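Written out below as structure tokens is the structure these notes cover.
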There are 2 protein chains.
Amino acid sequence: MSVAAEPQVRSVGRAFGILDLLTRRPPVLPLREIVQETGLPKTTVVRLLADLQRRSVVVAVRDGEYSLGAAMLSWVRAAEGLWRVDEETHAVMARLVREHGETVCVYVRQDLNRIAIAQHEGRHTVRNVIEVGAPMPLWAGAASKVLLTAKPQLVERLPLDEEARGRLLREVAAAEERGWARSDGEREVGAAAVAAPIRGRDGRVIAALNMSGPSSRFTGDVLAAGLESLRAAAERLSERGIGSVEALL
Amino acid sequence: MSVAAEPQVRSVGRAFGILDLLTRRPPVLPLREIVQETGLPKTTVVRLLADLQRRSVVVAVRDGEYSLGAAMLSWVRAAEGLWRVDEETHAVMARLVREHGETVCVYVRQDLNRIAIAQHEGRHTVRNVIEVGAPMPLWAGAASKVLLTAKPQLVERLPLDEEARGRLLREVAAAEERGWARSDGEREVGAAAVAAPIRGRDGRVIAALNMSGPSSRFTGDVLAAGLESLRAAAERLSERGIGSVEALL
């Protein structure tokens, strides 16, 4: 594209950066911190905030303090409606948590990210808690490997060195062959997971059913039992579907 | 600001315009329609969509079809948490609907818009249905007049001719004096409403409690009874508060 295109998309990125910051740090942030965290010039931040405010996407709460605006609620309802898994899928997830105590998520791939669209938290005090909707890296984690089986060529586009790329490709191939994947400490030391594919009507892998928790509990017989239940659940979901969200996958 | 500032904010506006369009027209829209509805050049739309996709804010569903992305879910949760009115407020709203059958909303002002942050739909077949989170004009409607009592000088900034401005200022003054406002067909022919102020601890008007329905049912004794209940409910909410959302108002 032309040179003029560059700053345009950059400003979109900056606007979303501010929204992400306000999402991560509720309820309100002073202007000073927004400037500090984004690393942008104060004039730029002020101009973007004024624009976001006019759209009610951001709200000025007190002098120099900002929060997410109420206009977000309409996107909220739309996105929640679109990305909802159905009640039976939730029931299957809840049963896995009841039986094995660990956090269960449904992940989907979007571009070069994976995103949890549903979560049932584990019952242990030490448990994995995933932020639903937060883009996570596709180069790490059991769910990523399962999702990549649908399109292994994406590995080429991930920010990896030659060695890591080769390793990931082998792991994706293994996940394809075995019908499940495992990870331990890839994204965060001490966090482990197993994942199995959820397939659409046409047999494509459309999502990953994922069970995650502390590495210390993801070994031996406990792991084997969890993996068996998880695979059975993923197969059940592949057979009966996971709801209207499939239209997007 | 400098001349360079203009196109930047413009591109942010275009990005949000696309998100609004996808919000209003779920589940998926073909590229062709996005181009048509936004009136933007195809290359611009394609570039913006690519950027929004990289952030998982938009997702490409099929060839040339787009939807809201799952990354929206994290904003969703944050915005919902921030803008939630508490259970007792919902109970008060539900009681009004039970007694009078009409739709009840809590509106707040954001910049030059009013936005419903909570709604209980009426029980009649013909009822008012408001999109929660959608910015609505501050120059029309009973809720606007109540909200403007907190800052009547905003009337100067609304897109009105001299006559309409004068009328609105008089109506805001009347709403201040009587403690309620009424509208009929201002925004939409056949739609009527009454509204009463919800005040914060410091006595400021922070929100409007609004009852709305078809004009034909908002007359005479029925209207009088509805207004009386609404005002009593708004006073109760002013006394006991409407939840953590008050920190943003």
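Residue names in the structure tokens use chain letters A, B, ... in the order shown, residue numbers from 1 in each chain, and ligand numbers from 1 in the order shown.
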For B:Asp111: contacts at 12 Å, only C-alpha atoms, fewer than 5 positions along chain excluded, given as a list in words: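 Once the adjacent positions are removed, what remains is Ala50, Asp51, Leu52, Gln53, Arg54, Arg55, Ser56, Val57, Val58, Val59, Ala60, Val61, Gly69, Ala70 and Ala71 of chain A; Pro135, Met136, Pro137, Leu138, Ser144, Leu147, Leu148, Lys151, Leu154, Val155, Arg157, Leu158 and Leu249 of chain B.
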Just the selected residues (N, CA and C atoms), exported as a PDB file, in the first residue's frame, please.
```pdb
ATOM      1  N   ALA A  50     -10.056  11.415  23.453  1.00  0.00           N
ATOM      2  CA  ALA A  50     -11.170  12.302  23.104  1.00  0.00           C
ATOM      3  C   ALA A  50     -12.039  11.648  22.037  1.00  0.00           C
ATOM      4  N   ASP A  51     -11.381  11.019  21.064  1.00  0.00           N
ATOM      5  CA  ASP A  51     -12.128  10.360  20.000  1.00  0.00           C
ATOM      6  C   ASP A  51     -12.905   9.158  20.531  1.00  0.00           C
ATOM      7  N   LEU A  52     -12.270   8.350  21.350  1.00  0.00           N
ATOM      8  CA  LEU A  52     -12.929   7.165  21.911  1.00  0.00           C
ATOM      9  C   LEU A  52     -14.084   7.571  22.825  1.00  0.00           C
ATOM     10  N   GLN A  53     -13.912   8.699  23.507  1.00  0.00           N
ATOM     11  CA  GLN A  53     -14.957   9.211  24.378  1.00  0.00           C
ATOM     12  C   GLN A  53     -16.178   9.635  23.581  1.00  0.00           C
ATOM     13  N   ARG A  54     -15.916  10.300  22.431  1.00  0.00           N
ATOM     14  CA  ARG A  54     -17.030  10.762  21.616  1.00  0.00           C
ATOM     15  C   ARG A  54     -17.868   9.580  21.148  1.00  0.00           C
ATOM     16  N   ARG A  55     -17.235   8.418  21.018  1.00  0.00           N
ATOM     17  CA  ARG A  55     -17.961   7.201  20.614  1.00  0.00           C
ATOM     18  C   ARG A  55     -18.514   6.447  21.814  1.00  0.00           C
ATOM     19  N   SER A  56     -18.326   6.978  23.023  1.00  0.00           N
ATOM     20  CA  SER A  56     -18.771   6.326  24.272  1.00  0.00           C
ATOM     21  C   SER A  56     -18.118   4.961  24.474  1.00  0.00           C
ATOM     22  N   VAL A  57     -16.982   4.761  23.811  1.00  0.00           N
ATOM     23  CA  VAL A  57     -16.234   3.517  23.979  1.00  0.00           C
ATOM     24  C   VAL A  57     -15.337   3.654  25.208  1.00  0.00           C
ATOM     25  N   VAL A  58     -14.965   4.891  25.494  1.00  0.00           N
ATOM     26  CA  VAL A  58     -14.204   5.227  26.700  1.00  0.00           C
ATOM     27  C   VAL A  58     -14.983   6.318  27.406  1.00  0.00           C
ATOM     28  N   VAL A  59     -14.910   6.334  28.733  1.00  0.00           N
ATOM     29  CA  VAL A  59     -15.599   7.370  29.481  1.00  0.00           C
ATOM     30  C   VAL A  59     -14.605   8.061  30.422  1.00  0.00           C
ATOM     31  N   ALA A  60     -14.704   9.392  30.491  1.00  0.00           N
ATOM     32  CA  ALA A  60     -13.896  10.151  31.456  1.00  0.00           C
ATOM     33  C   ALA A  60     -14.673  10.151  32.764  1.00  0.00           C
ATOM     34  N   VAL A  61     -14.095   9.545  33.775  1.00  0.00           N
ATOM     35  CA  VAL A  61     -14.825   9.335  35.016  1.00  0.00           C
ATOM     36  C   VAL A  61     -14.685  10.550  35.916  1.00  0.00           C
ATOM     37  N   GLY A  69     -16.186   2.597  28.219  1.00  0.00           N
ATOM     38  CA  GLY A  69     -17.496   3.227  28.118  1.00  0.00           C
ATOM     39  C   GLY A  69     -18.626   2.228  27.942  1.00  0.00           C
ATOM     40  N   ALA A  70     -19.830   2.742  28.153  1.00  0.00           N
ATOM     41  CA  ALA A  70     -21.011   1.866  28.110  1.00  0.00           C
ATOM     42  C   ALA A  70     -21.362   1.426  26.689  1.00  0.00           C
ATOM     43  N   ALA A  71     -20.832   2.100  25.669  1.00  0.00           N
ATOM     44  CA  ALA A  71     -21.131   1.692  24.293  1.00  0.00           C
ATOM     45  C   ALA A  71     -20.577   0.295  24.019  1.00  0.00           C
TER      46      ALA A  71
ATOM     47  N   PRO B 135     -25.362   4.044  21.769  1.00  0.00           N
ATOM     48  CA  PRO B 135     -25.476   5.488  22.014  1.00  0.00           C
ATOM     49  C   PRO B 135     -26.737   6.039  21.353  1.00  0.00           C
ATOM     50  N   MET B 136     -27.507   6.807  22.115  1.00  0.00           N
ATOM     51  CA  MET B 136     -28.726   7.429  21.586  1.00  0.00           C
ATOM     52  C   MET B 136     -28.628   8.944  21.772  1.00  0.00           C
ATOM     53  N   PRO B 137     -29.403   9.700  20.974  1.00  0.00           N
ATOM     54  CA  PRO B 137     -29.229  11.159  21.004  1.00  0.00           C
ATOM     55  C   PRO B 137     -29.667  11.773  22.333  1.00  0.00           C
ATOM     56  N   LEU B 138     -28.926  12.780  22.737  1.00  0.00           N
ATOM     57  CA  LEU B 138     -29.213  13.472  23.998  1.00  0.00           C
ATOM     58  C   LEU B 138     -30.210  14.608  23.778  1.00  0.00           C
ATOM     59  N   SER B 144     -33.169  11.907  28.370  1.00  0.00           N
ATOM     60  CA  SER B 144     -32.199  12.957  28.046  1.00  0.00           C
ATOM     61  C   SER B 144     -32.443  14.198  28.886  1.00  0.00           C
ATOM     62  N   LEU B 147     -31.296  13.638  32.373  1.00  0.00           N
ATOM     63  CA  LEU B 147     -29.829  13.592  32.451  1.00  0.00           C
ATOM     64  C   LEU B 147     -29.233  14.985  32.274  1.00  0.00           C
ATOM     65  N   LEU B 148     -29.852  15.786  31.398  1.00  0.00           N
ATOM     66  CA  LEU B 148     -29.329  17.131  31.144  1.00  0.00           C
ATOM     67  C   LEU B 148     -29.516  18.072  32.335  1.00  0.00           C
ATOM     68  N   LYS B 151     -26.335  19.011  33.852  1.00  0.00           N
ATOM     69  CA  LYS B 151     -25.380  19.839  33.122  1.00  0.00           C
ATOM     70  C   LYS B 151     -26.093  20.514  31.947  1.00  0.00           C
ATOM     71  N   LEU B 154     -24.716  21.647  28.404  1.00  0.00           N
ATOM     72  CA  LEU B 154     -24.443  20.751  27.270  1.00  0.00           C
ATOM     73  C   LEU B 154     -25.414  20.978  26.121  1.00  0.00           C
ATOM     74  N   VAL B 155     -26.576  21.525  26.426  1.00  0.00           N
ATOM     75  CA  VAL B 155     -27.576  21.766  25.376  1.00  0.00           C
ATOM     76  C   VAL B 155     -26.977  22.625  24.268  1.00  0.00           C
ATOM     77  N   ARG B 157     -24.152  22.425  23.017  1.00  0.00           N
ATOM     78  CA  ARG B 157     -23.298  21.642  22.124  1.00  0.00           C
ATOM     79  C   ARG B 157     -24.088  20.652  21.255  1.00  0.00           C
ATOM     80  N   LEU B 158     -25.400  20.596  21.456  1.00  0.00           N
ATOM     81  CA  LEU B 158     -26.204  19.636  20.683  1.00  0.00           C
ATOM     82  C   LEU B 158     -26.573  20.204  19.316  1.00  0.00           C
ATOM     83  N   LEU B 249     -19.877   7.239  37.382  1.00  0.00           N
ATOM     84  CA  LEU B 249     -20.913   8.206  37.001  1.00  0.00           C
ATOM     85  C   LEU B 249     -20.725   9.563  37.688  1.00  0.00           C
TER      86      LEU B 249
END
```
Give me, as a Markdown table, the closest atom pair and its distance (Å, one decimal) for every residue of chain A within a cut-off of 6 Å of chain B, counting only C-alpha atoms, rows sorted by chain and rising number.
```
| residue | atom | partner | partner_atom | distance |
| --- | --- | --- | --- | --- |
| A:Gln8 | CA | B:Gln8 | CA | 5.0 |
| A:Ser11 | CA | B:Gln8 | CA | 5.5 |
| A:Val12 | CA | B:Val12 | CA | 4.9 |
| A:Thr23 | CA | B:Ala78 | CA | 5.6 |
| A:Ser56 | CA | B:Gln110 | CA | 5.9 |
| A:Val61 | CA | B:Leu248 | CA | 5.2 |
| A:Ala70 | CA | B:Gly133 | CA | 5.4 |
| A:Ala71 | CA | B:Gly133 | CA | 4.4 |
| A:Leu73 | CA | B:Gly133 | CA | 4.4 |
| A:Ser74 | CA | B:Gly133 | CA | 4.4 |
| A:Trp75 | CA | B:Thr23 | CA | 5.9 |
| A:Val76 | CA | B:Val76 | CA | 4.4 |
| A:Ala78 | CA | B:Thr23 | CA | 5.6 |
| A:Gln110 | CA | B:Ser56 | CA | 6.0 |
| A:Val132 | CA | B:Ser74 | CA | 5.9 |
| A:Gly133 | CA | B:Leu73 | CA | 4.4 |
| A:Ala134 | CA | B:Ala71 | CA | 5.6 |
| A:Leu248 | CA | B:Val61 | CA | 5.2 |
```
DSSP alpha helix (DSSP H) residues within stretch 151-219 of chain B, as a PyMOL selection string: chain B and resi 162-178
Backbone-only DSSP, strand (DSSP E or B) members of stretch 87-147 of chain A, as an MDAnalysis selection string: chainID A and resid 103:110 113:120 136:137
Polymer residues at most 12 Å from B:Pro214, only C-alpha atoms, same-chain spacing of 2 or more positions, as number ranges by chain: B: 101-103, 122, 124-129, 183-185, 188-194, 211-212, 216-219, 223
Test item: residues at most 10 Å from A:Ile34, only C-alpha atoms, excluding those fewer than 5 positions along its chain, as a PyMOL selection string: chain A and resi 17-18+21-22+29+39-40+42+45-46+49+65-66
Please write the residues from the selection above to a file, keeping all heavy atoms, as a CSV table (one decimal), in the first residue's frame.
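And here is the file that came out, part02.csv:
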```
chain,number,residue,atom,x,y,z
A,17,GLY,N,-4.9,-0.5,21.7
A,17,GLY,CA,-4.0,-0.7,22.8
A,17,GLY,C,-4.5,-0.1,24.1
A,17,GLY,O,-4.4,-0.6,25.2
A,18,ILE,N,-5.1,1.1,23.9
A,18,ILE,CA,-5.7,1.8,25.1
A,18,ILE,C,-6.9,1.0,25.6
A,18,ILE,O,-7.0,0.8,26.8
A,18,ILE,CB,-6.1,3.3,24.7
A,18,ILE,CG1,-4.9,4.1,24.4
A,18,ILE,CG2,-7.0,3.9,25.8
A,18,ILE,CD1,-5.2,5.5,24.0
A,21,LEU,N,-5.6,-1.9,27.5
A,21,LEU,CA,-5.1,-1.5,28.8
A,21,LEU,C,-6.2,-1.2,29.8
A,21,LEU,O,-6.1,-1.7,31.0
A,21,LEU,CB,-4.3,-0.2,28.6
A,21,LEU,CG,-3.5,0.4,29.8
A,21,LEU,CD1,-2.5,-0.6,30.3
A,21,LEU,CD2,-2.9,1.7,29.4
A,22,LEU,N,-7.3,-0.6,29.4
A,22,LEU,CA,-8.4,-0.3,30.3
A,22,LEU,C,-9.1,-1.6,30.7
A,22,LEU,O,-9.7,-1.7,31.7
A,22,LEU,CB,-9.4,0.7,29.6
A,22,LEU,CG,-8.9,2.1,29.4
A,22,LEU,CD1,-9.8,2.9,28.6
A,22,LEU,CD2,-8.6,2.8,30.8
A,29,LEU,N,-8.3,4.3,35.2
A,29,LEU,CA,-6.9,4.6,35.0
A,29,LEU,C,-6.7,6.1,34.9
A,29,LEU,O,-7.4,6.7,34.0
A,29,LEU,CB,-6.3,3.9,33.8
A,29,LEU,CG,-5.7,2.5,34.1
A,29,LEU,CD1,-5.0,2.0,32.8
A,29,LEU,CD2,-4.8,2.4,35.3
A,39,GLY,N,3.4,4.2,26.4
A,39,GLY,CA,4.6,4.8,25.8
A,39,GLY,C,4.4,5.8,24.7
A,39,GLY,O,5.3,6.2,24.0
A,40,LEU,N,3.1,6.3,24.6
A,40,LEU,CA,2.8,7.2,23.5
A,40,LEU,C,3.0,8.7,24.0
A,40,LEU,O,2.8,8.9,25.2
A,40,LEU,CB,1.4,7.0,23.0
A,40,LEU,CG,1.1,5.7,22.3
A,40,LEU,CD1,-0.4,5.6,22.1
A,40,LEU,CD2,1.8,5.6,21.0
A,42,LYS,N,1.9,12.2,25.2
A,42,LYS,CA,0.7,12.6,25.9
A,42,LYS,C,-0.4,13.2,24.9
A,42,LYS,O,-1.6,12.9,25.0
A,42,LYS,CB,1.0,13.6,27.0
A,42,LYS,CG,-0.2,13.9,27.9
A,42,LYS,CD,0.3,14.8,29.1
A,42,LYS,CE,-1.0,15.3,29.8
A,42,LYS,NZ,-0.6,16.3,30.9
A,45,VAL,N,-2.2,10.5,23.2
A,45,VAL,CA,-3.1,9.8,24.0
A,45,VAL,C,-4.4,10.6,24.3
A,45,VAL,O,-5.5,10.1,24.2
A,45,VAL,CB,-2.5,9.4,25.4
A,45,VAL,CG1,-3.5,8.9,26.4
A,45,VAL,CG2,-1.3,8.4,25.2
A,46,VAL,N,-4.2,11.9,24.5
A,46,VAL,CA,-5.3,12.8,24.8
A,46,VAL,C,-6.2,12.9,23.6
A,46,VAL,O,-7.5,12.8,23.7
A,46,VAL,CB,-4.8,14.2,25.1
A,46,VAL,CG1,-6.0,15.2,25.1
A,46,VAL,CG2,-4.2,14.2,26.5
A,49,LEU,N,-8.1,9.5,23.2
A,49,LEU,CA,-9.1,9.3,24.3
A,49,LEU,C,-10.3,10.2,24.0
A,49,LEU,O,-11.4,9.8,24.2
A,49,LEU,CB,-8.5,9.7,25.7
A,49,LEU,CG,-7.6,8.7,26.3
A,49,LEU,CD1,-6.9,9.3,27.6
A,49,LEU,CD2,-8.4,7.4,26.7
A,65,GLU,N,-9.3,10.7,34.8
A,65,GLU,CA,-9.4,9.3,35.0
A,65,GLU,C,-10.3,8.7,34.0
A,65,GLU,O,-11.4,9.3,33.7
A,65,GLU,CB,-9.8,9.0,36.4
A,65,GLU,CG,-8.7,9.2,37.4
A,65,GLU,CD,-8.9,8.5,38.7
A,65,GLU,OE1,-10.1,8.1,38.9
A,65,GLU,OE2,-8.0,8.2,39.4
A,66,TYR,N,-10.0,7.5,33.4
A,66,TYR,CA,-10.7,7.0,32.3
A,66,TYR,C,-11.1,5.5,32.6
A,66,TYR,O,-10.4,4.8,33.3
A,66,TYR,CB,-9.9,7.1,31.0
A,66,TYR,CG,-9.7,8.5,30.6
A,66,TYR,CD1,-8.6,9.2,31.1
A,66,TYR,CD2,-10.6,9.1,29.8
A,66,TYR,CE1,-8.4,10.5,30.7
A,66,TYR,CE2,-10.4,10.5,29.4
A,66,TYR,CZ,-9.3,11.2,29.9
A,66,TYR,OH,-9.1,12.5,29.5
```
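Residues lying within 9 Å of B:Gly179, counting only C-alpha atoms and ignoring same-chain neighbours fewer than 3 positions away, are B:Val146, B:Ala174, B:Ala175, B:Glu176, B:Ala195, B:Ala196, B:Pro197, B:Arg231.
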Could you write out the selected residues, including C-alpha atoms, as a PDB file, in the first residue's frame?
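Here's the written file selection.pdb:
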```pdb
ATOM      1  CA  VAL B 146     -33.504  14.266  33.164  1.00  0.00           C
ATOM      2  CA  ALA B 174     -39.081  22.001  33.904  1.00  0.00           C
ATOM      3  CA  ALA B 175     -37.676  18.510  34.518  1.00  0.00           C
ATOM      4  CA  GLU B 176     -35.372  19.957  37.171  1.00  0.00           C
ATOM      5  CA  ALA B 195     -38.143   9.437  33.302  1.00  0.00           C
ATOM      6  CA  ALA B 196     -37.024  10.347  36.817  1.00  0.00           C
ATOM      7  CA  PRO B 197     -33.576  11.115  38.207  1.00  0.00           C
ATOM      8  CA  ARG B 231     -40.615   8.402  40.758  1.00  0.00           C
TER       9      ARG B 231
END
```
